[in-house]
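Undergrad: One structure is given below, represented as C-alpha cells, and several questions about it will come after.
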Number of protein chains: 2
Amino acid sequence: MPTSRAVPVHPRRGRLQPLALDQAAVTGGFWAHMQQLNRDAVIPHCDESLEKVGWIGNVRAAIEGTLATERVGRLFTDSEIYKLMEGMAWEQARTSSPELRERLTELTTLLAAAQADDGYLNTFYGYDGGPARYSDLEWGHELYCAGHLLQAAVAMLRTGVDDGMAKIAGAVADHVCAEFADGAREGICGHPEIETALVEMFRLTGEEKYLEQARSFVERRGRRSLGDTMYGGRDYYQDNVPVREADVLVGHSVRALYLTAGVVDVAVETGDEELLTAAKRQYDRTLERRTYLHGGMGSYHHGEAFGADFELPADRAYAETCAGIASIMVAWRLLLATGEERYADVIERTLHNVVAACPSEDGREFFYVNTLHRRTPGVDPEPGVPSLRRTDGRRASWFTTSCCPTNAARTLSSLGGYLATSDETGLQIHLYAPSTLSAELSTGRIAVEVDTEYPANGSVRVRVRETVAGPWTLSLRVPGWSGSTSITGAVETSADPGRADLTREWAVGDEVELHLDCSPRLVRADPRVDAVRGCVAVEQGPLLLCVESVDQPDVDLDLVEVLGEPAVGGSVRMAARVRPEPSASWPTADACDGQAVPVTLEFTPYYAWANRGPSTMRVWLPVAGS
Amino acid sequence: MPTSRAVPVHPRRGRLQPLALDQAAVTGGFWAHMQQLNRDAVIPHCDESLEKVGWIGNVRAAIEGTLATERVGRLFTDSEIYKLMEGMAWEQARTSSPELRERLTELTTLLAAAQADDGYLNTFYGYDGGPARYSDLEWGHELYCAGHLLQAAVAMLRTGVDDGMAKIAGAVADHVCAEFADGAREGICGHPEIETALVEMFRLTGEEKYLEQARSFVERRGRRSLGDTMYGGRDYYQDNVPVREADVLVGHSVRALYLTAGVVDVAVETGDEELLTAAKRQYDRTLERRTYLHGGMGSYHHGEAFGADFELPADRAYAETCAGIASIMVAWRLLLATGEERYADVIERTLHNVVAACPSEDGREFFYVNTLHRRTPGVDPEPGVPSLRRTDGRRASWFTTSCCPTNAARTLSSLGGYLATSDETGLQIHLYAPSTLSAELSTGRIAVEVDTEYPANGSVRVRVRETVAGPWTLSLRVPGWSGSTSITGAVETSADPGRADLTREWAVGDEVELHLDCSPRLVRADPRVDAVRGCVAVEQGPLLLCVESVDQPDVDLDLVEVLGEPAVGGSVRMAARVRPEPSASWPTADACDGQAVPVTLEFTPYYAWANRGPSTMRVWLPVAGS
C-alpha cells in the first residue's frame with residue numbers, strides 16, 4: 001500500500017482540502033487541555049478497561065481456540081479495540097510516544113494471529129461452537145466491526161505504523177468485497193460503518209473495488225432486505241427508504257449518521273452529485289428540525305433514535321456522545337465537499353458541548369447520553385457493579401456497550417485535523433484555538449500561528465509565519481452566533497456570519513485580530529419544539545451554559561422562572577424567581593398560593609456539568625409570564 | 001371450593017362492598033355499546049387471533065409433547081389465553097351465551113391435559129428440550145402467567161363455571177406455594193400479578209396459605225434479588241426499594257400497578273394499615289405527578305416505564321392500555337378500602353379516555369400505546385406483516401406482545417361491577433350509565449334504576465325500584481370537574497365535588513336527578529410539566545377532547561395557537577390561528593414573516609380518534625401569546 005500523510009479524512013476531490021496532523025496542531029488552551037487529558041487518562045483508561053473486562057482477551061481466546069467457553073461481552077466488543085487503536089495511532093503521530101507505538105504493535109500482532117486465512121476476523125461469529133458468520137445481518141455488527149478495523153488500519157498507515165496492519169486490513173477488505181459482491185451475498189449490515197471505512201481504504205490504497213463495494217452497500221440500503229424491528233420498523237437501521245429518496249435522517253442516530261458519512265464519501269469519490277445532494281438534504285433537514293441545542297442528535301431512548309420533527313424533549317434528550325461524534329464526521333465531510341462554513345459552526349457547537357462533555361474532569365468517566373435537563377440527582381452505582389447504560393445524569397467509567405469512551409479518544413487525538421483547510425487560493429481557519437497551521441499552495445508553503453484565549457473571550461490573533469510571493473487568501477470563519485464581528489490589524493473590516501476572506505500579499509509577521517462577540521446571549525427554540533415552549537437558554541461564544549443545583553443548592557430548579565437578560569460578573573448570572581410549589585391537584589393545576597421568591601441564577605458551561613457530585617441541571621429555563 | 005357470587009374483586013373487609021354482576025348491570029348508552037362491541041367483536045377477535053397465531057396451539061403442543069419444535073410466540077403468550085377466559089367468564093355471566101360457555105369448557109379441558117402432575121402449567125418452560133422452570137425469574141413471566149390463570153379460574157368459579165378449573169387452579173396455586181415457600185425458592189417474579197391473583201384465590205377458597213404466599217411475595221420485593229436491567233436498573237421491576245418504603249411508583253408501569261393492586265389486596269386482607277398507607281402514598285403521588293390527562297400512566301417508551309415527576313410529554317406518551325387498566329384495578333381497590341370518591345374520578349377518567357380508546361369502532365383493532373399528540377399521520381403496515389408494537393398513532397389487530405386486547409376484553413365484560421358499591425347505610429353510585437343497581441342491607445334489598453344520556457349530557461335520573469323500612473342513604477359521586485352541581489326531585493340540594501349523601505326514608509318510585517356541569521372546559525397542567533407549558537386542553541364531562549387533522553385537513557396542527565374559550569354548536573369548537581411556518585434557523589428561531597391565519601378548530605372525543613384513517617392529532621394546544 002502507498003504511504004500517506006496523517007489526514008483523518010482524505011477525499012480525492014471537493015471544495016476544500018484537509019490538513020494533515022503535521023500541518024495543524026493545537027498548541028494550547030481549551031483543546032490542548034482536552035488532548036492532554038485524552039493522552040494521560042482517556043486512552044490509558046480505555047486500554048486498561050478493555051483488558052479488565054476481557055474484550056482484548058476475546059482476541060486471545062480466538063487465537064487459542066477457546067472462544068466457545070471464554071468469550072465475554074456483547075457481540076460488538078471487537079470494535080472498541082479498533083477505535084482505541086485508531087485513537088492511539090493519531091495520538092502517537094501528534095506527539096511521539098514509544099508506549100503507544102509499542103502497544104499498537106502488540107495489538108496488531110494479536111489481530112494477525114486471530115485472523116482467519118480468508119481474511120475474516122471477528123470474535124463473536126464463525127468459530128467452532130459459535131454462531132455462523134453473517135447469520136444475523138440485522139444485529140450481528142460484523143461489517144460494523146470490520147469497518148472500525150479498517151479505520152484503525154487507515155489511521156495507523158497514514159501515521160506511518162504498519163506492523164502487519166496493512167496486510168490484515170487488506171485481507172479484511174478483500175474478504176468483505178468477495179463475500180458481499182453483487183451476485184454473492186447481496187446484503188447489508190444492520191449497523192453502517194463499513195461504507196465510510198471502505199472508501200477510506202480506497203483512498204489509502206487506490207483499490208477501486210473497495211469504493212465499488214461501498215457504493216453497493218449504499219445503493220442496497222433502504223430496500224427492506226433486513227427484518228422488522230420493534231424500534232420503528234426498518235427505519236431503525238435506515239432500511240425503509242433508499243438513500244437517494246430519503247428526506248431526513250431517521251432511526252438509530254449513530255447508524256443514520258455513520259451511513260451518511262459513508263454516503264458523502266461515496267458521492268464525492270464517484271462524482272455523484274445526486275447522491276451528495278441527497279445526503280446534504282437529509283442532514284440539513286435533520287439539523288433544522290431534529291437537533292438539540294448542544295449539537296446532540298437523537299430524541300428517543302427507545303431505539304436510541306431520532307424523533308419526529310421538533311420532538312426535542314430536554315429531559316429525555318438521548319443525544320448519545322457517539323451520535324455527536326458521527327454528526328461531526330458528516331459535517332466535516334460536507335464542509336470539505338461544499339465549503340459551506342455553517343457546517344463548521346455545527347462542528348464547533350458539537351465539539352464544545354457534546355464531545356467536551358463526555359469525559360469527566362479526570363478523564364476516567366464518560367457520558368453516554370447527554371441530557372439537557374436533570375430533575376433529580378443521579379445516584380452512585382453499587383460498588384463493583386458495572387453500569388449497563390447510565391442515563392441518570394452521571395458519567396460512568398465503562399458500559400456494557402462502551403462505544404463512547406473510545407469514540408471520544410479517536411476524536412480528541414485527531415482534532416488538529418479539523419482546525420483548518422486549504423484550497424488553491426489559501427488557508428481557511430474553521431476552529432479557533434492556539435495553534436500552528438500550514439498549507440502547500442502551488443507557489444509554496446504558507447503558515448500561520450493562532451493565539452487566543454477563546455472560548456474564554458472572542459479575540460483571535462493570527463500571525464503569518466511563512467508566506468509565498470503574490471496574494472493569497474486567509475479565510476476566517478465568523479460563527480453564526482457572533483452578532484457584531486470586526487477584524488483589525490493588517491486588514492481592518494467588519495464581518496458578517498459565514499467566512500471573512502482576507503486577500504492580500506501577506507508578509508511574514510503580518511497579524512490580524514478577529515473580534516467575535518462572546519457576550520452571553522439568550523436563545524429561543526423554534527416554536528414548534530413543544531418541549532421548551534416559553535423557555536430560553538443562555539449561550540456564550542461556542543459554549544452552551546446551564547444551571548446546576550450545586551451552584552444554587554437552595555433553589556428548586558423545576559420551579560424557576562427567569563426574568564430579564566444574562567449579566568457577566570465573574571460567572572454569568574441571571575435574575576429569576578422561584579414559584580411557590582403548586583398544591584397537588586391532578587389532573588388540573590391549582591392556583592399557587594404564596595409569593596415567588598427572587599433569586600439570582602449562576603450559570604456554568606454545560607460541558608463541565610456533573611463534575612461536582614450528584615446534581616440537578618437545566619439548560620432551558622421558563623420565562624416568567626409565559 | 002365454595003361457590004361465590006360474580007364479584008370481580010371481592011375483599012373481605014373495607015369501607016365499601018362491591019356489587020356482583022347480577023346486582024349491577026349496564027342497560028344502555030355509552031358503556032352498553034362498548035360491552036356489546038366487546039361481546040360481538042373484541043372477544044371473538046381475540047379468540048380467533050389466539051388460534052391463528054398459534055398461542056392456543058402451544059397448549060395443544062404441550063399436550064402432544066411437541067413444544068420443542070412447535071412452540072410459537074413470546075414466552076408470556078399463555079397469559080393471553082387466561083385473560084380471554086376471564087373475559088369470557090364475566091361475559092357469559094353478564095348475558096347468557098352457550099357459545100362462550102362451551103368455549104370455556106374446551107379451553108379448560110385443554111389446560112387440564114397440559115398441566116403437569118405437580119400442578120405446573122406453562123408452555124414456554126419445563127418441557128424436554130426447553131428452558132428449565134424458574135430459570136429466569138427476571139424475564140420468565142412464569143408466575144405472571146400463573147397469576148392470570150388463577151384470575152381466570154376465579155372469574156369462572158364466581159360465575160358458576162367449573163369444568164375442572166377449580167382443580168387446575170388449586171393445583172397451580174398449591175404448586176406456587178410449595179415452590180416459593182419461605183425456606184424453599186425465596187424469589188419473586190419479574191412481572192407482578194401473582195400477588196393479587198393469590199389473594200383472590202384466598203378470597204375464593206378461604207385457603208390461608210395463598211394469602212400468606214402473596215404476603216411473602218410483597219415483602220420480598222425491593223430487596224434486589226433480581227438482576228440489573230438496562231431499563232433504569234431494578235426500578236424496572238420494582239425491586240430497588242421495599243414496598244413499605246417506596247414513595248412513588250417507578251419502572252415498568254404495568255408491573256408497578258399490578259404489584260400495587262396486590263399490595264392493597266394483601267394489606268386489606270391482613271389488616272396491615274402500614275402497608276395500605278404505603279400503597280396509597282405511592283399511588284396518590286403517582287396520580288399527582290406522573291399521570292397523563294387521559295388517566296394514562298407511563299411516560300417512557302424505553303422500558304414502558306414511569307418517568308420522573310412531571311415528565312409527561314404529550315407526543316411520547318406511552319400510556320399503555322394495560323397500564324390504564326391496571327390503574328383502574330388499583331383505584332377500585334383503594335375506593336373499596338377507603339371510600340374516597342376521588343378514586344372513582346380516576347376510574348371514570350381512565351375508562352372513558354384510555355379503555356374506551358383501545359378498540360377501534362369495529363372492535364377488531366386496538367391501541368397498545370395512547371399518545372396525546374401525533375405529528376405525522378401513521379401509515380398502514382405491509383399487508384400480511386404482523387405489528388410488533390405499533391406506536392404510530394394507528395391501532396393494530398394484534399401484537400407480538402398482545403396484552404392489551406384481552407385486557408380490554410376482561411375489563412369491559414366486568415364493567416358492571418364497577419358502577420356502584422354498598423355499605424351498611426345504603427348504595428353508592430360511582431359511574432353513571434343507564435343501569436340497574438341493587439344491594440342487600442341488613443334490613444333487606446334496595447334497588448334503583450339509573451336513566452341518563454351521560455356522557456352526552458350531565459343529567460342523571462335515579463329512581464328507587466325497591467326499598468326497605470327506615471332511612472337509607474343514596475350516595476351520588478360528584479366528579480371533581482363539575483363546577484356547579486345540583487340535585488332535584490325527591491331531594492333538592494346543591495352539591496360539591498366528592499359525594500352527595502341523600503339520606504331519607506325512600507319510597508318506591510322516588511326519583512332524584514343529578515345535574516352535572518358538562519359544558520366544555522379548559523384545563524391547564526401543573527406548571528412543572530414542561531412538555532405542555534403555555535398549553536390548554538379541552539374536556540367535556542368525563543371526556544377528554546382532541547383536535548384531529550381529518551376534521552381540519554388544511555390546518556397544520558403543529559402551528560396552531562388557540563384564542564379564547566371553547567364553544568358548543570353541534571360539536572365543540574374553538575377560535576384559533578395558524579402561525580406562519582418559521583424559516584429554517586437551527587439552533588435559534590427566526591422571527592416569522594407573515595400573518596397568522598384565523599381558523600376555527602373542531603374538537604372530537606379523544607377515545608374516538610384514529611377511526612377515520614391516518615391523521616395527526618393534538619390534545620394540548622398552545623395558547624396565543626404564551
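If you're wondering about the labels, chains in the C-alpha cells are A, B, ... by order shown, residues count from 1 in each chain, ligands from 1 in order shown.
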Write out as a Markdown table a residue-level contact list of chain A versus chain B with cut-off 9 Å: for each qualifying residue the closest pair of atoms and the distance in Å to one decimal, counting only C-alpha atoms, rows sorted by chain and residue number upward.

TA:
```
| residue | atom | partner | partner_atom | distance |
| --- | --- | --- | --- | --- |
| A:Asp228 | CA | B:Leu388 | CA | 8.2 |
| A:Thr229 | CA | B:Leu388 | CA | 7.4 |
| A:Met230 | CA | B:Leu388 | CA | 5.7 |
| A:Tyr231 | CA | B:Arg389 | CA | 8.6 |
| A:Gly232 | CA | B:Thr391 | CA | 7.8 |
| A:Gly233 | CA | B:Leu388 | CA | 8.3 |
| A:Arg285 | CA | B:Ala584 | CA | 8.5 |
| A:Leu287 | CA | B:Trp586 | CA | 6.5 |
| A:Glu288 | CA | B:Trp586 | CA | 4.9 |
| A:Arg289 | CA | B:Trp586 | CA | 7.4 |
| A:Thr291 | CA | B:Trp586 | CA | 7.9 |
| A:Tyr292 | CA | B:Pro587 | CA | 7.6 |
| A:Leu293 | CA | B:Pro587 | CA | 5.8 |
| A:His294 | CA | B:Pro587 | CA | 8.7 |
| A:Gly295 | CA | B:Pro587 | CA | 8.4 |
| A:Tyr300 | CA | B:His302 | CA | 8.0 |
| A:His301 | CA | B:His302 | CA | 5.8 |
| A:His302 | CA | B:His302 | CA | 4.4 |
| A:Gly303 | CA | B:His302 | CA | 7.8 |
| A:Ala308 | CA | B:Arg375 | CA | 7.5 |
| A:Asp309 | CA | B:Arg375 | CA | 8.2 |
| A:Glu311 | CA | B:Asp315 | CA | 7.6 |
| A:Pro313 | CA | B:Ala531 | CA | 7.5 |
| A:Asp315 | CA | B:Glu311 | CA | 7.6 |
| A:Arg316 | CA | B:Glu311 | CA | 8.6 |
| A:Arg375 | CA | B:Ala308 | CA | 7.4 |
| A:Thr376 | CA | B:Ala308 | CA | 8.0 |
| A:Ser387 | CA | B:Met230 | CA | 8.7 |
| A:Leu388 | CA | B:Met230 | CA | 5.6 |
| A:Arg389 | CA | B:Met230 | CA | 6.1 |
| A:Arg390 | CA | B:Gly232 | CA | 8.3 |
| A:Thr391 | CA | B:Gly232 | CA | 7.7 |
| A:Asp392 | CA | B:Gly232 | CA | 8.4 |
| A:Val523 | CA | B:Thr588 | CA | 5.9 |
| A:Arg524 | CA | B:Thr588 | CA | 5.5 |
| A:Ala525 | CA | B:Ala589 | CA | 5.1 |
| A:Asp526 | CA | B:Ala589 | CA | 4.6 |
| A:Pro527 | CA | B:Ala589 | CA | 7.3 |
| A:Arg528 | CA | B:Asp558 | CA | 6.2 |
| A:Asp530 | CA | B:Ala531 | CA | 6.2 |
| A:Ala531 | CA | B:Ala531 | CA | 4.5 |
| A:Val532 | CA | B:Asp530 | CA | 6.9 |
| A:Arg533 | CA | B:Arg533 | CA | 6.3 |
| A:Gly534 | CA | B:Ser626 | CA | 6.3 |
| A:Asp558 | CA | B:Arg528 | CA | 6.2 |
| A:Leu559 | CA | B:Arg528 | CA | 6.7 |
| A:Pro582 | CA | B:Asp526 | CA | 7.2 |
| A:Ala584 | CA | B:Glu288 | CA | 5.8 |
| A:Ser585 | CA | B:Glu288 | CA | 6.3 |
| A:Trp586 | CA | B:Glu288 | CA | 4.9 |
| A:Pro587 | CA | B:Leu293 | CA | 5.8 |
| A:Thr588 | CA | B:Ala525 | CA | 5.2 |
| A:Ala589 | CA | B:Asp526 | CA | 4.6 |
| A:Asp590 | CA | B:Asp526 | CA | 7.6 |
| A:Pro622 | CA | B:Asp530 | CA | 8.5 |
| A:Gly625 | CA | B:Ser626 | CA | 7.9 |
| A:Ser626 | CA | B:Ser626 | CA | 4.9 |
```

Undergrad: Using only C-alpha atoms, which residues sit within 7 Å of Ala62 in chain B once same-chain residues fewer than 4 positions away are excluded, as a PDB file with N, CA and C atoms, in the first residue's frame?

TA:
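Below is the file selection_26.pdb, written as the result:
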```
ATOM      1  N   ASN B  58     -50.047 -23.691  21.247  1.00  0.00           N
ATOM      2  CA  ASN B  58     -48.963 -24.044  22.164  1.00  0.00           C
ATOM      3  C   ASN B  58     -49.436 -24.996  23.259  1.00  0.00           C
ATOM      4  N   THR B  66     -44.890 -31.719  21.806  1.00  0.00           N
ATOM      5  CA  THR B  66     -44.160 -31.219  20.634  1.00  0.00           C
ATOM      6  C   THR B  66     -43.708 -29.763  20.791  1.00  0.00           C
ATOM      7  N   LEU B  67     -43.669 -29.291  22.038  1.00  0.00           N
ATOM      8  CA  LEU B  67     -43.285 -27.893  22.248  1.00  0.00           C
ATOM      9  C   LEU B  67     -41.890 -27.587  21.709  1.00  0.00           C
ATOM     10  N   ALA B 114     -52.812 -30.300  29.692  1.00  0.00           N
ATOM     11  CA  ALA B 114     -51.450 -29.785  29.566  1.00  0.00           C
ATOM     12  C   ALA B 114     -50.755 -29.650  30.911  1.00  0.00           C
ATOM     13  N   THR B 123     -46.309 -23.171  28.856  1.00  0.00           N
ATOM     14  CA  THR B 123     -45.861 -23.782  27.590  1.00  0.00           C
ATOM     15  C   THR B 123     -44.461 -23.353  27.174  1.00  0.00           C
TER      16      THR B 123
END
```

Undergrad: Please identify all polymer residues within 9 Å of Gly564 in chain A, counting only C-alpha atoms, omitting same-chain residues fewer than 5 positions from it, and present them as a PyMOL selection string.

TA: chain A and resi 574-576+623

Undergrad: What lies within 10 Å of Thr277 in chain B using only C-alpha atoms, ignoring chain neighbours under 6 positions off, as a PDB file with N, CA and C atoms, in the first residue's frame?

TA:
```pdb
ATOM      1  N   ARG B 244     -42.825  -1.234  51.436  1.00  0.00           N
ATOM      2  CA  ARG B 244     -43.254  -0.366  52.548  1.00  0.00           C
ATOM      3  C   ARG B 244     -42.533   0.974  52.548  1.00  0.00           C
ATOM      4  N   VAL B 264     -52.415  -3.710  47.865  1.00  0.00           N
ATOM      5  CA  VAL B 264     -53.661  -3.300  48.532  1.00  0.00           C
ATOM      6  C   VAL B 264     -54.434  -4.539  48.977  1.00  0.00           C
ATOM      7  N   ALA B 267     -52.770  -5.964  52.017  1.00  0.00           N
ATOM      8  CA  ALA B 267     -52.948  -5.069  53.169  1.00  0.00           C
ATOM      9  C   ALA B 267     -54.361  -5.173  53.725  1.00  0.00           C
ATOM     10  N   TYR B 283     -49.470   5.545  45.156  1.00  0.00           N
ATOM     11  CA  TYR B 283     -50.419   5.756  44.059  1.00  0.00           C
ATOM     12  C   TYR B 283     -50.865   7.217  44.006  1.00  0.00           C
TER      13      TYR B 283
END
```

Undergrad: List the spatial neighbours of range 157-161 of chain B as a ChimeraX atom specification - criterion: any atom at most 12 Å away, only C-alpha atoms, same-chain residues fewer than 4 positions off excluded.

TA: /B:1-10,20-22,85-96,98,100-105,108,150-153,165-170,200-201,203-205,414

Undergrad: One number please: CA of His175 in chain A to CA of Arg333 in chain A, in Å, one decimal.

TA: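 Distance reported for this atom pair: 27.0 Å.
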
Undergrad: For a quick check of understanding, using only C-alpha atoms, which of A:Val218, A:Val369, A:His191, A:Phe202 has the smallest distance to Ala256 in chain A?

TA: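 Closest candidate: A:His191.
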